[in-house]
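As provided, target05.txt (compact mmCIF, C-alpha atoms) reads as follows.
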```txt
# COMPACT_ATOMS: atom_id res chain seq x y z
CA MET I 1 16.91 -6.52 -0.81
CA LYS I 2 17.95 -8.77 2.00
CA VAL I 3 15.55 -10.58 4.30
CA GLU I 4 16.50 -12.73 7.22
CA ARG I 5 14.19 -14.89 9.29
CA GLU I 6 14.95 -17.37 12.00
CA VAL I 7 12.58 -19.88 13.52
CA THR I 8 13.18 -22.47 16.19
CA ILE I 9 11.71 -25.84 15.34
CA ALA I 10 10.95 -28.50 17.90
CA ALA I 11 12.62 -31.26 15.90
CA PRO I 12 16.14 -32.73 15.69
CA ARG I 13 18.62 -31.10 13.32
CA GLU I 14 18.74 -34.15 11.00
CA THR I 15 14.97 -34.11 10.59
CA VAL I 16 15.09 -30.44 9.60
CA TRP I 17 17.97 -31.05 7.23
CA ASP I 18 16.23 -34.02 5.58
CA PHE I 19 13.09 -31.95 5.19
CA LEU I 20 15.03 -29.43 3.09
CA TRP I 21 15.60 -32.22 0.54
CA ASP I 22 12.06 -33.50 0.58
CA VAL I 23 11.19 -31.50 -2.51
CA PRO I 24 7.39 -31.93 -2.68
CA ARG I 25 6.92 -31.08 1.00
CA LEU I 26 9.37 -28.20 0.93
CA ALA I 27 7.72 -26.80 -2.17
CA GLY I 28 4.44 -26.83 -0.26
CA CYS I 29 6.00 -24.32 2.14
CA ILE I 30 6.86 -21.78 -0.57
CA PRO I 31 3.90 -19.41 -1.02
CA GLY I 32 2.69 -19.43 -4.63
CA ALA I 33 4.95 -22.27 -5.79
CA ARG I 34 3.77 -25.00 -8.15
CA ASP I 35 5.04 -27.41 -10.83
CA VAL I 36 8.21 -28.19 -8.91
CA ARG I 37 10.39 -30.59 -10.91
CA THR I 38 13.69 -32.24 -10.17
CA ILE I 39 16.02 -31.87 -13.14
CA GLU I 40 19.07 -33.32 -11.42
CA GLU I 41 18.84 -34.68 -7.89
CA ARG I 42 20.39 -32.30 -5.35
CA LYS I 43 21.59 -30.01 -8.13
CA THR I 44 18.96 -28.45 -10.36
CA TYR I 45 15.22 -27.94 -10.02
CA THR I 46 12.55 -25.91 -11.77
CA ALA I 47 9.38 -24.38 -10.37
CA VAL I 48 6.83 -21.71 -11.12
CA VAL I 49 6.18 -19.09 -8.45
CA ALA I 50 3.14 -16.85 -8.80
CA ASP I 51 2.05 -13.90 -6.71
CA LYS I 52 -0.64 -11.25 -6.76
CA VAL I 53 -0.83 -7.75 -5.31
CA GLY I 54 -4.18 -6.10 -5.94
CA PRO I 55 -4.68 -6.30 -9.70
CA PHE I 56 -1.04 -7.06 -10.44
CA LYS I 57 -0.20 -10.68 -11.09
CA VAL I 58 3.24 -12.06 -11.69
CA GLN I 59 4.41 -15.53 -12.60
CA PHE I 60 8.05 -16.51 -12.58
CA PRO I 61 9.23 -19.78 -14.10
CA LEU I 62 12.35 -20.37 -12.00
CA THR I 63 15.49 -22.40 -12.46
CA ILE I 64 16.83 -23.33 -9.06
CA GLU I 65 20.42 -24.39 -8.65
CA VAL I 66 22.04 -25.76 -5.55
CA VAL I 67 25.24 -23.77 -5.13
CA ASP I 68 26.73 -25.15 -1.94
CA VAL I 69 25.91 -27.97 0.46
CA GLN I 70 27.53 -28.37 3.88
CA ALA I 71 25.52 -31.20 5.39
CA PRO I 72 23.80 -31.03 7.78
CA GLU I 73 24.04 -27.32 8.48
CA ARG I 74 24.20 -25.09 5.45
CA LEU I 75 22.58 -24.98 2.07
CA ARG I 76 22.86 -22.27 -0.54
CA VAL I 77 20.68 -22.12 -3.61
CA ARG I 78 20.19 -19.61 -6.39
CA ALA I 79 16.95 -19.12 -8.29
CA ASN I 80 16.53 -17.17 -11.52
CA GLY I 81 13.51 -16.45 -13.65
CA ARG I 82 11.75 -14.03 -15.93
CA ASP I 83 8.11 -13.07 -16.15
CA THR I 84 7.61 -12.46 -19.83
CA ALA I 85 4.17 -10.85 -19.44
CA VAL I 86 5.29 -7.97 -17.24
CA ASP I 87 8.97 -8.02 -18.20
CA GLY I 88 10.42 -8.68 -14.78
CA LEU I 89 13.55 -10.56 -13.90
CA VAL I 90 13.90 -12.12 -10.49
CA LYS I 91 17.04 -13.46 -8.84
CA VAL I 92 17.05 -14.99 -5.39
CA ASP I 93 20.10 -16.10 -3.42
CA LEU I 94 19.00 -18.24 -0.56
CA ASP I 95 21.27 -19.14 2.34
CA VAL I 96 19.73 -21.62 4.75
CA THR I 97 21.46 -22.66 7.95
CA VAL I 98 20.37 -25.36 10.33
CA THR I 99 21.96 -25.23 13.78
CA PRO I 100 21.14 -26.90 17.09
CA ALA I 101 19.23 -24.70 19.50
CA GLU I 102 18.34 -25.05 23.16
CA THR I 103 14.89 -26.31 22.35
CA GLY I 104 15.26 -28.05 19.01
CA THR I 105 16.78 -26.65 15.87
CA ALA I 106 17.26 -23.12 14.62
CA LEU I 107 16.45 -22.64 10.97
CA LYS I 108 17.79 -19.41 9.53
CA VAL I 109 16.70 -18.30 6.10
CA ALA I 110 18.62 -15.41 4.55
CA ALA I 111 17.33 -14.32 1.17
CA ASP I 112 18.82 -11.76 -1.16
CA ILE I 113 16.07 -10.92 -3.65
CA SER I 114 16.56 -8.80 -6.75
CA VAL I 115 13.75 -7.86 -9.07
CA LEU I 116 14.89 -6.13 -12.23
CA GLY I 117 13.11 -4.56 -15.17
CA LYS I 118 10.01 -2.39 -15.20
CA LEU I 119 8.47 -4.40 -12.42
CA GLY I 120 11.41 -3.72 -10.12
CA THR I 121 11.35 0.01 -10.69
CA LEU I 122 7.61 0.60 -10.55
CA GLY I 123 6.78 -1.74 -7.77
CA HIS I 124 9.85 -1.65 -5.59
CA SER I 125 8.09 -0.86 -2.32
CA VAL I 126 5.50 -3.55 -2.88
CA ILE I 127 8.14 -6.10 -3.84
CA VAL I 128 10.13 -5.41 -0.67
CA ARG I 129 7.00 -5.87 1.43
CA ARG I 130 5.94 -9.03 -0.41
CA GLY I 131 9.46 -10.49 -0.39
CA THR I 132 9.70 -10.09 3.36
CA ASP I 133 6.26 -11.60 3.79
CA ILE I 134 7.06 -14.61 1.58
CA VAL I 135 10.30 -15.44 3.45
CA ASP I 136 8.41 -15.08 6.71
CA ARG I 137 5.61 -17.37 5.61
CA PHE I 138 8.10 -19.90 4.24
CA ALA I 139 9.98 -20.15 7.54
CA GLN I 140 6.73 -20.43 9.49
CA ALA I 141 5.38 -23.08 7.12
CA VAL I 142 8.52 -25.22 7.45
CA ARG I 143 8.17 -25.08 11.21
CA ALA I 144 4.47 -25.92 11.06
CA GLN I 145 5.13 -28.90 8.78
CA LEU I 146 7.89 -30.33 10.94
CA GLU I 147 6.17 -29.77 14.25
CA ALA I 148 2.91 -31.23 12.97
CA LYS I 149 4.72 -34.45 12.16
CA ALA I 150 6.57 -34.51 15.45
CA MET L 1 2.63 -0.67 -25.70
CA LEU L 2 -1.03 -0.32 -24.91
CA ARG L 3 -2.99 -3.38 -25.96
CA PRO L 4 -6.48 -2.85 -27.39
CA PHE L 5 -9.43 -2.69 -25.01
CA GLU L 6 -13.11 -1.91 -25.23
CA LEU L 7 -14.25 1.34 -23.63
CA SER L 8 -17.78 1.57 -22.28
CA GLU L 9 -19.36 4.88 -21.36
CA PRO L 10 -22.30 4.15 -19.08
CA THR L 11 -24.69 6.95 -18.17
CA SER L 12 -25.61 5.71 -14.69
CA VAL L 13 -24.00 4.05 -11.68
CA ALA L 14 -26.35 1.07 -12.08
CA GLU L 15 -25.30 0.60 -15.69
CA ALA L 16 -21.61 0.84 -14.76
CA SER L 17 -22.13 -1.69 -11.96
CA GLU L 18 -23.87 -4.03 -14.38
CA LEU L 19 -20.99 -3.79 -16.86
CA LEU L 20 -18.49 -4.55 -14.10
CA ALA L 21 -20.54 -7.53 -12.95
CA ARG L 22 -20.85 -8.84 -16.50
CA HIS L 23 -17.15 -8.66 -17.36
CA GLY L 24 -15.73 -9.57 -13.94
CA ASP L 25 -11.94 -9.55 -13.70
CA ALA L 26 -11.64 -8.55 -17.36
CA ALA L 27 -13.07 -5.10 -16.58
CA ARG L 28 -11.84 -2.14 -14.56
CA ILE L 29 -13.20 1.30 -13.87
CA TYR L 30 -11.56 4.14 -15.78
CA ALA L 31 -11.71 7.35 -13.72
CA GLY L 32 -9.00 9.45 -15.31
CA GLY L 33 -6.48 6.73 -16.00
CA THR L 34 -3.42 8.57 -14.76
CA GLU L 35 -2.26 5.47 -12.94
CA LEU L 36 -4.24 2.69 -14.63
CA ILE L 37 -3.27 3.54 -18.22
CA LEU L 38 0.35 3.89 -17.17
CA ALA L 39 0.29 0.41 -15.67
CA MET L 40 -1.48 -0.92 -18.79
CA LYS L 41 1.04 0.74 -21.12
CA GLU L 42 3.86 -0.84 -19.17
CA GLY L 43 2.13 -4.19 -19.60
CA LEU L 44 1.92 -4.68 -15.84
CA VAL L 45 -1.80 -5.28 -16.06
CA HIS L 46 -4.34 -5.76 -18.84
CA TYR L 47 -8.11 -5.34 -19.03
CA GLU L 48 -10.30 -6.12 -22.01
CA HIS L 49 -12.94 -3.66 -20.86
CA LEU L 50 -12.63 -0.26 -19.29
CA VAL L 51 -15.73 1.35 -17.84
CA ASN L 52 -15.45 5.12 -18.02
CA VAL L 53 -17.24 6.62 -15.02
CA LYS L 54 -16.34 10.19 -15.87
CA THR L 55 -19.28 10.33 -18.25
CA ILE L 56 -21.86 9.45 -15.57
CA PRO L 57 -23.91 12.59 -14.90
CA GLY L 58 -23.71 13.75 -11.29
CA LEU L 59 -20.64 11.71 -10.40
CA ALA L 60 -18.40 14.77 -10.53
CA GLY L 61 -18.94 17.93 -8.54
CA VAL L 62 -18.66 19.61 -5.17
CA ARG L 63 -21.55 20.36 -2.82
CA LEU L 64 -21.65 21.91 0.63
CA ASP L 65 -24.52 20.45 2.57
CA ALA L 66 -25.02 21.98 6.06
CA GLY L 67 -21.26 22.44 6.40
CA THR L 68 -20.46 18.94 5.15
CA LEU L 69 -18.48 18.72 1.95
CA ARG L 70 -19.75 16.18 -0.55
CA LEU L 71 -17.28 15.35 -3.28
CA GLY L 72 -18.33 13.37 -6.33
CA ALA L 73 -15.86 10.55 -6.89
CA ALA L 74 -15.21 11.60 -10.50
CA THR L 75 -14.23 15.15 -9.53
CA SER L 76 -10.77 15.94 -10.84
CA HIS L 77 -7.96 17.05 -8.54
CA ARG L 78 -7.78 20.28 -10.51
CA ALA L 79 -11.47 21.00 -9.94
CA LEU L 80 -11.03 20.41 -6.20
CA GLU L 81 -7.96 22.60 -6.04
CA ARG L 82 -9.86 25.48 -7.66
CA ASP L 83 -13.29 25.02 -6.16
CA PRO L 84 -14.36 28.10 -4.16
CA LEU L 85 -16.28 26.03 -1.58
CA VAL L 86 -13.34 23.73 -0.95
CA ARG L 87 -10.92 26.64 -0.77
CA GLN L 88 -13.07 28.59 1.66
CA HIS L 89 -14.33 25.87 3.97
CA PHE L 90 -11.67 23.16 3.65
CA PRO L 91 -8.48 25.05 2.77
CA ALA L 92 -6.23 22.15 3.78
CA VAL L 93 -8.00 19.92 1.25
CA ALA L 94 -7.60 22.54 -1.50
CA ARG L 95 -3.89 22.93 -0.69
CA MET L 96 -3.30 19.19 -0.68
CA GLU L 97 -5.12 18.81 -4.00
CA ALA L 98 -3.09 21.65 -5.51
CA ASP L 99 0.04 19.66 -4.79
CA VAL L 100 -1.03 16.22 -6.07
CA ALA L 101 1.53 15.00 -8.63
CA ASN L 102 1.64 17.59 -11.44
CA VAL L 103 -0.88 19.71 -13.29
CA ARG L 104 -1.34 17.17 -16.11
CA VAL L 105 -2.28 14.47 -13.60
CA ARG L 106 -4.51 16.85 -11.65
CA GLU L 107 -6.39 17.89 -14.76
CA VAL L 108 -7.58 14.38 -15.67
CA GLY L 109 -7.00 12.38 -12.49
CA THR L 110 -9.94 12.12 -10.13
CA LEU L 111 -10.27 11.88 -6.37
CA GLY L 112 -12.17 8.59 -6.61
CA GLY L 113 -9.65 7.17 -9.06
CA ASN L 114 -6.80 8.09 -6.75
CA LEU L 115 -8.47 6.50 -3.71
CA CYS L 116 -9.55 3.35 -5.52
CA PHE L 117 -6.24 2.67 -7.25
CA ALA L 118 -4.90 2.59 -3.67
CA GLU L 119 -1.28 3.23 -4.64
CA PRO L 120 0.25 3.63 -1.17
CA HIS L 121 2.27 6.72 -2.17
CA ALA L 122 -0.69 9.08 -2.52
CA ASP L 123 -1.97 12.15 -0.66
CA PRO L 124 -5.80 12.41 -0.48
CA GLY L 125 -6.43 9.21 1.47
CA THR L 126 -4.21 10.43 4.29
CA LEU L 127 -5.55 13.96 4.72
CA LEU L 128 -9.22 13.03 4.33
CA GLN L 129 -8.93 10.59 7.23
CA VAL L 130 -8.29 13.36 9.76
CA PHE L 131 -11.66 14.82 8.75
CA ASP L 132 -13.29 11.45 9.54
CA ALA L 133 -14.39 11.35 5.92
CA THR L 134 -16.66 8.57 4.73
CA ALA L 135 -17.00 6.85 1.39
CA ARG L 136 -20.31 6.14 -0.28
CA ILE L 137 -20.16 2.91 -2.24
CA GLU L 138 -22.87 1.91 -4.68
CA LYS L 139 -23.79 -0.93 -6.93
CA LYS L 140 -26.89 -1.80 -8.85
CA GLY L 141 -29.74 -1.84 -6.35
CA SER L 142 -27.83 -1.00 -3.16
CA ALA L 143 -25.55 1.48 -1.44
CA ARG L 144 -23.41 1.55 1.69
CA THR L 145 -21.32 4.13 3.52
CA ILE L 146 -18.04 3.26 5.24
CA PRO L 147 -15.34 5.25 7.03
CA LEU L 148 -12.71 6.16 4.42
CA GLU L 149 -10.15 4.36 6.56
CA GLY L 150 -11.93 1.09 5.81
CA LEU L 151 -11.66 1.53 2.06
CA PHE L 152 -7.97 0.63 2.00
CA VAL L 153 -7.21 -3.05 2.38
CA GLY L 154 -3.61 -3.19 1.13
CA PRO L 155 -1.37 -1.76 -1.57
CA PHE L 156 -3.51 -1.38 -4.72
CA GLU L 157 -6.40 -3.08 -2.94
CA THR L 158 -9.69 -1.68 -1.64
CA CYS L 159 -12.69 -3.28 0.00
CA LEU L 160 -14.81 -2.64 -3.11
CA GLU L 161 -16.49 -5.69 -4.55
CA GLY L 162 -16.20 -6.34 -8.27
CA ASP L 163 -19.44 -4.59 -9.19
CA GLU L 164 -19.18 -1.73 -6.68
CA LEU L 165 -18.26 1.89 -7.37
CA LEU L 166 -17.06 4.60 -5.05
CA THR L 167 -19.51 7.41 -5.81
CA GLU L 168 -19.01 10.07 -3.17
CA ILE L 169 -16.56 11.15 -0.48
CA VAL L 170 -18.28 12.90 2.40
CA VAL L 171 -16.11 15.23 4.48
CA PRO L 172 -17.67 16.50 7.73
CA PRO L 173 -16.55 19.92 8.96
CA LEU L 174 -14.10 20.19 11.84
CA PRO L 175 -15.45 21.78 15.06
CA SER L 176 -14.88 25.50 15.62
CA ARG L 177 -11.32 26.54 16.58
CA SER L 178 -9.95 23.72 14.43
CA ALA L 179 -7.63 23.44 11.47
CA ALA L 180 -6.03 20.71 9.45
CA ALA L 181 -2.72 20.50 7.64
CA TYR L 182 -0.99 18.01 5.37
CA LEU L 183 2.71 17.85 4.68
CA LYS L 184 4.68 15.44 2.57
CA PHE L 185 8.23 14.79 1.60
CA GLY L 186 9.78 12.82 -1.20
CA PHE L 187 12.54 13.01 -3.73
CA LEU L 188 11.12 10.54 -6.21
CA GLU L 189 8.08 11.14 -8.39
CA ARG L 190 5.80 10.08 -5.58
CA PRO L 191 5.87 11.18 -1.94
CA SER L 192 7.85 9.02 0.49
CA VAL L 193 6.07 10.21 3.63
CA GLY L 194 2.79 12.07 4.14
CA VAL L 195 1.46 13.31 7.49
CA ALA L 196 -1.92 14.91 8.15
CA VAL L 197 -3.13 16.50 11.37
CA ALA L 198 -6.37 18.09 12.52
CA VAL L 199 -6.24 20.07 15.74
CA THR L 200 -9.10 21.46 17.82
CA LEU L 201 -8.36 23.95 20.57
CA ASP L 202 -10.54 24.76 23.52
CA ASP L 203 -9.59 27.39 26.05
CA GLY L 204 -5.87 27.03 25.46
CA HIS L 205 -5.99 23.25 25.52
CA VAL L 206 -5.89 20.64 22.81
CA ALA L 207 -9.49 19.46 22.76
CA ASP L 208 -8.88 17.03 19.91
CA ALA L 209 -5.96 15.85 17.85
CA ARG L 210 -6.18 13.63 14.83
CA ILE L 211 -3.15 12.27 13.02
CA ALA L 212 -2.88 10.19 9.85
CA VAL L 213 0.21 8.86 8.13
CA GLY L 214 0.40 7.81 4.50
CA CYS L 215 2.94 6.59 1.92
CA VAL L 216 5.06 4.89 4.60
CA GLY L 217 2.96 1.80 5.21
CA PRO L 218 0.87 -0.40 2.92
CA VAL L 219 -2.20 1.81 3.48
CA PRO L 220 -2.78 5.33 4.86
CA ARG L 221 -4.05 5.14 8.41
CA ARG L 222 -5.01 7.03 11.53
CA MET L 223 -2.54 6.97 14.41
CA ARG L 224 -4.89 6.89 17.38
CA GLU L 225 -2.29 5.98 19.98
CA ALA L 226 -0.21 9.00 18.94
CA GLU L 227 -3.31 11.23 19.01
CA ALA L 228 -3.98 10.28 22.63
CA GLU L 229 -0.59 11.73 23.63
CA LEU L 230 -1.74 15.20 22.60
CA ARG L 231 -5.35 15.35 23.69
CA GLY L 232 -5.94 17.50 26.77
CA LYS L 233 -2.46 19.07 26.76
CA PRO L 234 -2.12 22.86 27.16
CA ARG L 235 -1.33 24.16 23.67
CA THR L 236 1.87 25.79 24.89
CA GLU L 237 3.17 22.57 26.39
CA THR L 238 2.88 20.11 23.55
CA GLY L 239 6.62 19.89 22.80
CA ALA L 240 7.35 16.63 24.58
CA ALA L 241 3.99 15.13 23.68
CA LEU L 242 4.59 15.90 20.00
CA ALA L 243 7.96 14.19 20.14
CA THR L 244 6.38 11.13 21.77
CA ALA L 245 3.46 11.17 19.33
CA GLY L 246 5.94 11.40 16.44
CA ARG L 247 7.86 8.38 17.69
CA ILE L 248 4.67 6.37 18.22
CA ALA L 249 3.31 7.30 14.80
CA GLY L 250 6.68 6.60 13.17
CA ARG L 251 6.80 3.12 14.63
CA ALA L 252 3.14 2.40 13.92
CA ALA L 253 3.53 3.53 10.30
CA ASP L 254 5.05 0.14 9.43
CA ALA L 255 7.92 1.56 7.38
CA ILE L 256 10.14 -0.56 5.16
CA THR L 257 13.50 0.15 3.58
CA ASP L 258 13.06 0.72 -0.14
CA LEU L 259 13.95 3.17 -2.93
CA HIS L 260 12.20 5.91 -0.93
CA GLY L 261 14.67 5.57 1.93
CA SER L 262 15.42 3.46 4.96
CA ALA L 263 12.73 2.53 7.45
CA GLU L 264 14.53 4.56 10.16
CA TYR L 265 14.67 7.62 7.93
CA LYS L 266 10.96 7.45 7.19
CA GLU L 267 10.10 6.94 10.85
CA HIS L 268 12.14 10.02 11.68
CA LEU L 269 10.43 12.03 8.93
CA VAL L 270 7.01 11.15 10.33
CA GLY L 271 8.01 12.93 13.56
CA VAL L 272 9.45 15.93 11.73
CA LEU L 273 6.42 16.37 9.46
CA LEU L 274 4.04 15.86 12.38
CA ARG L 275 5.62 18.73 14.30
CA ARG L 276 5.58 21.03 11.27
CA ALA L 277 2.02 20.14 10.29
CA TRP L 278 0.95 20.69 13.90
CA ASP L 279 2.50 24.18 13.93
CA GLN L 280 0.87 24.94 10.59
CA ALA L 281 -2.55 23.89 11.89
CA LEU L 282 -2.16 26.01 15.04
CA ALA L 283 -1.12 29.00 12.94
CA ALA L 284 -4.21 28.48 10.78
CA ILE L 285 -6.45 28.47 13.87
CA ASP L 286 -4.83 31.64 15.18
CA GLY L 287 -5.15 33.29 11.79
CA SER L 288 -8.83 32.55 11.33
CA PRO L 289 -11.61 34.67 12.86
CA ARG L 290 -13.13 33.19 16.02
CA ARG L 291 -16.44 31.55 15.34
```

What does the file become when written as structure tokens?
Amino acid sequence: MKVEREVTIAAPRETVWDFLWDVPRLAGCIPGARDVRTIEERKTYTAVVADKVGPFKVQFPLTIEVVDVQAPERLRVRANGRDTAVDGLVKVDLDVTVTPAETGTALKVAADISVLGKLGTLGHSVIVRRGTDIVDRFAQAVRAQLEAKA
Amino acid sequence: MLRPFELSEPTSVAEASELLARHGDAARIYAGGTELILAMKEGLVHYEHLVNVKTIPGLAGVRLDAGTLRLGAATSHRALERDPLVRQHFPAVARMEADVANVRVREVGTLGGNLCFAEPHADPGTLLQVFDATARIEKKGSARTIPLEGLFVGPFETCLEGDELLTEIVVPPLPSRSAAAYLKFGFLERPSVGVAVAVTLDDGHVADARIAVGCVGPVPRRMREAEAELRGKPRTETGAALATAGRIAGRAADAITDLHGSAEYKEHLVGVLLRRAWDQALAAIDGSPRR
């Protein structure tokens, strides 16, 4: 599934770009993320992302790799992980672009999310809805963080 | 594989409520298990305690009380489908129940279990809303009644507190010269779109129109803005209003693109099913003796 969200942030492009590399603060914008660790600066990170829908709880330990960096406007990362309890595999390709806008900076987040295994088949509709919601909340949280500081 | 769990068989609602309170998140109500056990077998969820409510005396059964249908939450779909009172006085409910999943599910699955599991792709929660049905919710020492619409909070989520049980679904009768209909469509195991209508005619006009859409959004819900399009219209001139109501309901249904189809497709189907269900309800009114 593909989700795209764009927010305009009242902050200069460089500030937005730098924020994307401020790992602890950025992690705070990802709903359900914790234990974010830097394995290799600007290359590899790990994190655990947890979510809950009604009685269903999932927890994905993720390996996050930076695939492509075109400073200060484009960043592509890939995250992979498996929830061993419910046998679900998640793969996220994230394409983030930062471009100047009339009133600040446009941050576009395009996510291609795949959930495989039993979880993906049984809960597809819910995953689509949650995935969209998470990308939405992430983009909004980044804006809130940056505008609060400004 | 199904992991071991402890099964309790309380003999009263109070006892069941107490068990739920005692075990908290480790416990869940078992009311047929057609969805719960499946999810547990798949390892998607695990509970150490299941509280079987099907053994509570009085929790299953159908009563007609001054025209109002009172359905025990532990009544199976099969019992509802075959019940003479339901078939005679609420034929749309009997028809919907006769088409829930398959006969194996209907035999053990219960109305309350279906509503409380709150899987969005389900039928009863949609149809019962056009009857303005209410849900009686009990726990040890107290009870409350809410509109059925308010039971659903999100996918797989209801407003029930940890120690509460849905005990009864109360379905008021429709006024005279009324009928309801429910239609669904899907090509997977579960329906992709479900539309319910209840129509009341008065002197050739639409005195009341109620519409509910299920499966498409996170929860089944009434489409009041779409209903308003139809109210007061002459019955022979509802064509354009139905098309508008279908578009409004389609948009309001909050469709997403998933394995069940694209959002646009589902929105379109809402309109198609609305028109067909409407015609079916009108035909039912015409076919029934005037009261």

Using all atoms listed in the file, select each residue of chain L with any atom at most 7 Å away from an atom of chain I, and give the selection as number ranges by chain.
L: 43-45, 155-157, 258-259

Would you mind listing what lies within 10 Å of L:Gly141 as a list in words, with only C-alpha atoms counted and same-chain residues fewer than 2 positions away left out?
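Selected residues are Val13, Ala14, Ser17, Glu138, Lys139 and Ala143 of chain L.
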
Output the selection as an mmCIF file, in the coordinates of the input - C-alpha atoms for each residue.
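Wrote it out as again_31.cif, contents follow:
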```cif
data_model
loop_
_atom_site.group_PDB
_atom_site.id
_atom_site.type_symbol
_atom_site.label_atom_id
_atom_site.label_comp_id
_atom_site.auth_asym_id
_atom_site.auth_seq_id
_atom_site.Cartn_x
_atom_site.Cartn_y
_atom_site.Cartn_z
ATOM 1 C CA VAL L 13 -24.000 4.050 -11.680
ATOM 2 C CA ALA L 14 -26.350 1.070 -12.080
ATOM 3 C CA SER L 17 -22.130 -1.690 -11.960
ATOM 4 C CA GLU L 138 -22.870 1.910 -4.680
ATOM 5 C CA LYS L 139 -23.790 -0.930 -6.930
ATOM 6 C CA ALA L 143 -25.550 1.480 -1.440
#
```

Two-atom distance - atom CA of L:Val130, atom CA of L:Ala255 (Å):
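Answer for the atom CA of L:Val130 to atom CA of L:Ala255 separation: 20.2 Å.
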
Atom pair atom CA of L:Arg221 / atom CA of L:Glu149: separation (Å):
6.4 Å

Could you please determine the separation between atom CA of L:Ser12 and atom CA of L:Leu59 in Å, to one decimal place?
8.9 Å

Can you list, as a PyMOL selection string, every protein, DNA or RNA residue that comes within 10 Å of L:Ala79 when you count only C-alpha atoms, leaving out same-chain residues fewer than 3 positions away?
chain L and resi 60-62+75-76+82-84+86+94+97-98+106-108+110-111

Tell me which of L:Gly287, L:Pro234, L:Pro175, L:Gly261 sits closest to L:Phe187, counting only C-alpha atoms.
L:Gly261

For I:Asp51, which of I:Val69, I:Ala11, I:Ile134, I:Ile113 is the closest residue, counting all atoms listed in the file?
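Selected residue with least distance to I:Asp51: I:Ile134.
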
For L:Glu15, please output as a PDB file with C-alpha atoms, in the frame of the given file all residues within 12 Å (counting only C-alpha atoms; exclusion window: fewer than 3 positions along the same chain).
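This went into part.pdb:
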```pdb
ATOM      1  CA  SER L   8     -17.780   1.570 -22.280  1.00  0.00           C
ATOM      2  CA  GLU L   9     -19.360   4.880 -21.360  1.00  0.00           C
ATOM      3  CA  PRO L  10     -22.300   4.150 -19.080  1.00  0.00           C
ATOM      4  CA  THR L  11     -24.690   6.950 -18.170  1.00  0.00           C
ATOM      5  CA  SER L  12     -25.610   5.710 -14.690  1.00  0.00           C
ATOM      6  CA  GLU L  18     -23.870  -4.030 -14.380  1.00  0.00           C
ATOM      7  CA  LEU L  19     -20.990  -3.790 -16.860  1.00  0.00           C
ATOM      8  CA  LEU L  20     -18.490  -4.550 -14.100  1.00  0.00           C
ATOM      9  CA  ALA L  21     -20.540  -7.530 -12.950  1.00  0.00           C
ATOM     10  CA  ARG L  22     -20.850  -8.840 -16.500  1.00  0.00           C
ATOM     11  CA  VAL L  51     -15.730   1.350 -17.840  1.00  0.00           C
ATOM     12  CA  ASN L  52     -15.450   5.120 -18.020  1.00  0.00           C
ATOM     13  CA  VAL L  53     -17.240   6.620 -15.020  1.00  0.00           C
ATOM     14  CA  THR L  55     -19.280  10.330 -18.250  1.00  0.00           C
ATOM     15  CA  ILE L  56     -21.860   9.450 -15.570  1.00  0.00           C
ATOM     16  CA  GLU L 138     -22.870   1.910  -4.680  1.00  0.00           C
ATOM     17  CA  LYS L 139     -23.790  -0.930  -6.930  1.00  0.00           C
ATOM     18  CA  LYS L 140     -26.890  -1.800  -8.850  1.00  0.00           C
ATOM     19  CA  GLY L 141     -29.740  -1.840  -6.350  1.00  0.00           C
ATOM     20  CA  ASP L 163     -19.440  -4.590  -9.190  1.00  0.00           C
ATOM     21  CA  GLU L 164     -19.180  -1.730  -6.680  1.00  0.00           C
ATOM     22  CA  LEU L 165     -18.260   1.890  -7.370  1.00  0.00           C
TER      23      LEU L 165
END
```
